[in-house]
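Single-structure report; data block below.
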Amino acid sequence: MSDLLAFARRRRGYLIALLYVVAGFAVVLALVASTGGDLGMALSGWFTGAFGDGYNLTQTLADATPLALVAIGVSVALRADVITIGAEGQAIVGAVFSTALALLLGPSASPVVALPLGALAGVVGGVLWALPAAVAKLRWGVTEILFTLLANYLAVSLLTYLLRTVLRDPATNASPQSPPLPVPSQLPMLPVAGRIHIGIVLVAVLLVALWWWSRTRQAFVLDVYGSRPLLAARLGLTPRRAVLTAMIVSGATAGLAGWMQVAGVTQRLEPDVSSGIGFAGLAVAVLGRGNPIGIALAAVVYASLGTGAAGVQIVTGTVPTAIGTVTQGILLLTAALALAAVKITGRERADSVAAKAEVAA
């Protein structure tokens, strides 16, 4: 019994975070019940709508792909205790850069050239939009949370302006959007039911890379920085390097996700090209706890809440499809609360991490 209590004390931050998530889903179940829907039928409908056949499964995986990609970068930043919520704006700017390059290359470019350059343009756009927050934090102590949040709004305004001016499609007046991307710049679709592009393969590779990197000394020292910056400096990781690394990696993956959205999903630049993947990716990173398998599972679960909503409505007949959006919103809130709770364990774990670092030094 004493061992169990000791374990609970050591992990109480994670236990509190788990309780937040469970409470969030309990709220959703209460909402379903309040509409007169049967909970068992609702869960069955959700599973059918999200995973019931090859097409539904493909759509869920397609929606989960950019979420996992954003979460990879955010999880690296969270290791350094850098809380960036600017992935939404970084994805938008990445999509803008990749679209501009694709239109510049035109239909005569080879896909072997157009696709890597498009991905690189997305990465550059995301990084450039993330760097000012890192500079402001290092030079003037500006919190990255506020800076990246405001940068999201600036990115939306920039996107709106460009879609009404230089990137506007002259062939349509219906809505602000860019011309379609040339075929060589579009991501090929996998030969399966539904629409899922080959970008999912790249995300799988990056998840494996995250798994490998998380076992390196660099990842360990970054963990140390998150709790003991001065000790991390003795190990060779300065605050400047830690913050820049966190912001560059998170910006790069968000920009890459923006490229995937425009090259593999919308196939043209639109006002809602990001579709909330930046904020959702943060939730996935928190729920996945930086673990590649956890990130993949959290991304699939989060995406399934949207794709399975139609199945819930069909089966129950009373629960609207908006329950998916409501559930995702509640999950975002619980993820934010969970992040605050996990910090409790992070601080308490700092002494043991510091002791290991002293030995490593």
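Note on naming: chains are A, B, ... as they come in the structure tokens, residues start from 1 per chain, ligands start from 1 in the order shown.
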Considering only C-alpha atoms, return as a VMD selection string whatever protein or nucleic-acid residues lie within 9 Å of stretch 196-211 of chain A, sequence-local ones (same chain, fewer than 2 positions apart) excluded. chain A and resid 58 to 59 61 to 63 65 to 66 68 to 69 72 76 187 to 194 213 to 215 260 264 to 265 290 to 293 295 to 296
Test item: residues at most 12 Å from A:Ile248, only C-alpha atoms, excluding those fewer than 6 positions along its chain, as a list in words: Gly73, Val74, Val76, Ala77, Val82, Thr84, Gly86, Ala87, Gln90, Val123, Val124, Gly125, Gly126, Val127, Leu128, Trp129, Ala130, Leu131, Pro132, Ala133, Ala134, Val135, Arg240, Arg241, Ala242, Ala254, Gly255 and Leu256 of chain A
Residues as selected, N, CA and C atoms, written as a JSON list (two decimals), in the first residue's frame, can you do that?
```
[["chain", "number", "residue", "atom", "x", "y", "z"],
["A", 73, "GLY", "N", 6.79, 18.29, -33.71],
["A", 73, "GLY", "CA", 7.56, 19.49, -33.41],
["A", 73, "GLY", "C", 7.22, 20.10, -32.07],
["A", 74, "VAL", "N", 5.93, 20.14, -31.75],
["A", 74, "VAL", "CA", 5.50, 20.72, -30.47],
["A", 74, "VAL", "C", 6.05, 19.92, -29.30],
["A", 76, "VAL", "N", 8.85, 18.37, -29.10],
["A", 76, "VAL", "CA", 10.26, 18.75, -28.90],
["A", 76, "VAL", "C", 10.33, 20.06, -28.12],
["A", 77, "ALA", "N", 9.49, 21.02, -28.48],
["A", 77, "ALA", "CA", 9.47, 22.30, -27.77],
["A", 77, "ALA", "C", 9.06, 22.12, -26.31],
["A", 82, "VAL", "N", 9.23, 25.07, -23.59],
["A", 82, "VAL", "CA", 8.83, 26.15, -24.48],
["A", 82, "VAL", "C", 7.43, 25.83, -24.98],
["A", 84, "THR", "N", 4.77, 26.70, -27.26],
["A", 84, "THR", "CA", 4.41, 27.44, -28.45],
["A", 84, "THR", "C", 3.01, 27.04, -28.91],
["A", 86, "GLY", "N", 1.83, 28.60, -31.68],
["A", 86, "GLY", "CA", 1.81, 29.30, -32.96],
["A", 86, "GLY", "C", 1.82, 28.39, -34.17],
["A", 87, "ALA", "N", 1.61, 27.09, -33.98],
["A", 87, "ALA", "CA", 1.66, 26.17, -35.11],
["A", 87, "ALA", "C", 0.60, 26.49, -36.16],
["A", 90, "GLN", "N", 2.08, 29.22, -38.26],
["A", 90, "GLN", "CA", 3.24, 28.67, -38.97],
["A", 90, "GLN", "C", 2.80, 27.75, -40.11],
["A", 123, "VAL", "N", 8.68, 24.32, -44.95],
["A", 123, "VAL", "CA", 9.54, 24.33, -43.77],
["A", 123, "VAL", "C", 10.11, 25.72, -43.54],
["A", 124, "VAL", "N", 10.61, 26.36, -44.60],
["A", 124, "VAL", "CA", 11.19, 27.70, -44.48],
["A", 124, "VAL", "C", 10.14, 28.69, -43.99],
["A", 125, "GLY", "N", 8.94, 28.63, -44.54],
["A", 125, "GLY", "CA", 7.88, 29.53, -44.10],
["A", 125, "GLY", "C", 7.54, 29.35, -42.64],
["A", 126, "GLY", "N", 7.41, 28.10, -42.20],
["A", 126, "GLY", "CA", 7.10, 27.84, -40.80],
["A", 126, "GLY", "C", 8.19, 28.31, -39.86],
["A", 127, "VAL", "N", 9.45, 28.08, -40.24],
["A", 127, "VAL", "CA", 10.57, 28.49, -39.40],
["A", 127, "VAL", "C", 10.66, 30.01, -39.31],
["A", 128, "LEU", "N", 10.51, 30.68, -40.45],
["A", 128, "LEU", "CA", 10.59, 32.15, -40.44],
["A", 128, "LEU", "C", 9.49, 32.76, -39.58],
["A", 129, "TRP", "N", 8.33, 32.13, -39.53],
["A", 129, "TRP", "CA", 7.23, 32.65, -38.71],
["A", 129, "TRP", "C", 7.42, 32.32, -37.23],
["A", 130, "ALA", "N", 8.26, 31.32, -36.94],
["A", 130, "ALA", "CA", 8.50, 30.94, -35.55],
["A", 130, "ALA", "C", 9.68, 31.69, -34.93],
["A", 131, "LEU", "N", 10.64, 32.09, -35.76],
["A", 131, "LEU", "CA", 11.86, 32.70, -35.24],
["A", 131, "LEU", "C", 11.63, 34.00, -34.46],
["A", 132, "PRO", "N", 10.75, 34.91, -34.91],
["A", 132, "PRO", "CA", 10.56, 36.14, -34.12],
["A", 132, "PRO", "C", 10.16, 35.89, -32.68],
["A", 133, "ALA", "N", 9.37, 34.86, -32.43],
["A", 133, "ALA", "CA", 8.99, 34.54, -31.05],
["A", 133, "ALA", "C", 10.20, 34.12, -30.24],
["A", 134, "ALA", "N", 11.10, 33.34, -30.86],
["A", 134, "ALA", "CA", 12.32, 32.92, -30.17],
["A", 134, "ALA", "C", 13.21, 34.11, -29.87],
["A", 135, "VAL", "N", 13.36, 35.02, -30.84],
["A", 135, "VAL", "CA", 14.20, 36.20, -30.64],
["A", 135, "VAL", "C", 13.61, 37.09, -29.53],
["A", 240, "ARG", "N", 19.95, 30.11, -25.35],
["A", 240, "ARG", "CA", 19.77, 30.54, -26.73],
["A", 240, "ARG", "C", 19.60, 29.33, -27.66],
["A", 241, "ARG", "N", 20.47, 28.36, -27.49],
["A", 241, "ARG", "CA", 20.41, 27.18, -28.35],
["A", 241, "ARG", "C", 19.16, 26.36, -28.10],
["A", 242, "ALA", "N", 18.76, 26.24, -26.82],
["A", 242, "ALA", "CA", 17.58, 25.44, -26.49],
["A", 242, "ALA", "C", 16.31, 26.06, -27.06],
["A", 254, "ALA", "N", 5.34, 22.41, -38.40],
["A", 254, "ALA", "CA", 4.07, 23.08, -38.68],
["A", 254, "ALA", "C", 4.02, 23.57, -40.13],
["A", 255, "GLY", "N", 5.13, 24.16, -40.60],
["A", 255, "GLY", "CA", 5.18, 24.59, -41.99],
["A", 255, "GLY", "C", 5.07, 23.44, -42.95],
["A", 256, "LEU", "N", 5.69, 22.31, -42.59],
["A", 256, "LEU", "CA", 5.57, 21.11, -43.42],
["A", 256, "LEU", "C", 4.14, 20.61, -43.46]]
```
Between atom CA of A:Pro229 and atom CA of A:Thr216, what is the distance, to one decimal in Å?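 Atom-to-atom, atom CA of A:Pro229 and atom CA of A:Thr216 are spaced 18.3 Å apart.
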List every residue of stretch 135-300 of chain A that DSSP, applied to the backbone of this structure, assigns to helix (DSSP H, G or I), and report them as a PyMOL selection string. chain A and resi 135-140+144-164+183-185+199-213+217-227+229-234+239-265+277-288+292-300
Please list as a PyMOL selection string every residue within 7 Å of stretch 166-178 of chain A, counting only C-alpha atoms and excluding residues in the same chain fewer than 5 positions away. chain A and resi 268-270
Please write the residues from the selection above to a file, keeping all heavy atoms, as an mmCIF file, in the first residue's frame.
```
data_model
loop_
_atom_site.group_PDB
_atom_site.id
_atom_site.type_symbol
_atom_site.label_atom_id
_atom_site.label_comp_id
_atom_site.auth_asym_id
_atom_site.auth_seq_id
_atom_site.Cartn_x
_atom_site.Cartn_y
_atom_site.Cartn_z
ATOM 1 N N ARG A 268 -5.078 23.757 -53.386
ATOM 2 C CA ARG A 268 -5.009 25.195 -53.673
ATOM 3 C C ARG A 268 -5.051 25.909 -52.332
ATOM 4 O O ARG A 268 -5.484 25.342 -51.320
ATOM 5 C CB ARG A 268 -6.168 25.661 -54.570
ATOM 6 C CG ARG A 268 -7.542 25.567 -53.918
ATOM 7 C CD ARG A 268 -8.561 26.360 -54.732
ATOM 8 N NE ARG A 268 -8.904 25.681 -55.975
ATOM 9 C CZ ARG A 268 -9.237 26.315 -57.100
ATOM 10 N NH1 ARG A 268 -9.224 27.632 -57.134
ATOM 11 N NH2 ARG A 268 -9.568 25.643 -58.175
ATOM 12 N N LEU A 269 -4.587 27.135 -52.311
ATOM 13 C CA LEU A 269 -4.569 27.894 -51.059
ATOM 14 C C LEU A 269 -5.941 28.492 -50.812
ATOM 15 O O LEU A 269 -6.481 29.211 -51.656
ATOM 16 C CB LEU A 269 -3.504 28.990 -51.139
ATOM 17 C CG LEU A 269 -3.131 29.688 -49.831
ATOM 18 C CD1 LEU A 269 -2.551 28.684 -48.837
ATOM 19 C CD2 LEU A 269 -2.126 30.806 -50.104
ATOM 20 N N GLU A 270 -6.504 28.207 -49.624
ATOM 21 C CA GLU A 270 -7.832 28.681 -49.252
ATOM 22 C C GLU A 270 -7.780 29.316 -47.869
ATOM 23 O O GLU A 270 -6.832 29.081 -47.112
ATOM 24 C CB GLU A 270 -8.831 27.518 -49.264
ATOM 25 C CG GLU A 270 -9.009 26.867 -50.624
ATOM 26 C CD GLU A 270 -9.933 25.665 -50.572
ATOM 27 O OE1 GLU A 270 -10.208 25.184 -49.449
ATOM 28 O OE2 GLU A 270 -10.389 25.220 -51.638
#
```
Just how far from atom CA of A:Leu31 is atom CA of A:Thr321, in Å to one decimal?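 Atom CA of A:Thr321 sits 12.5 Å away from atom CA of A:Leu31.
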Which residue is closest to A:Pro111? Choose from A:Pro184, A:Thr99, A:Thr148, A:Ser44 and count only C-alpha atoms. A:Pro184
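Restricting the calculation to only C-alpha atoms, the smallest distance between A:Ala303 and any of A:Val262, A:Ile277, A:Leu231, A:Ala338 is found for A:Ile277.
Checking A:Ser250, A:Thr165, A:Ser275, A:Gln218 one by one against A:Gly236, counting only C-alpha atoms, you find the shortest gap at A:Gln218.
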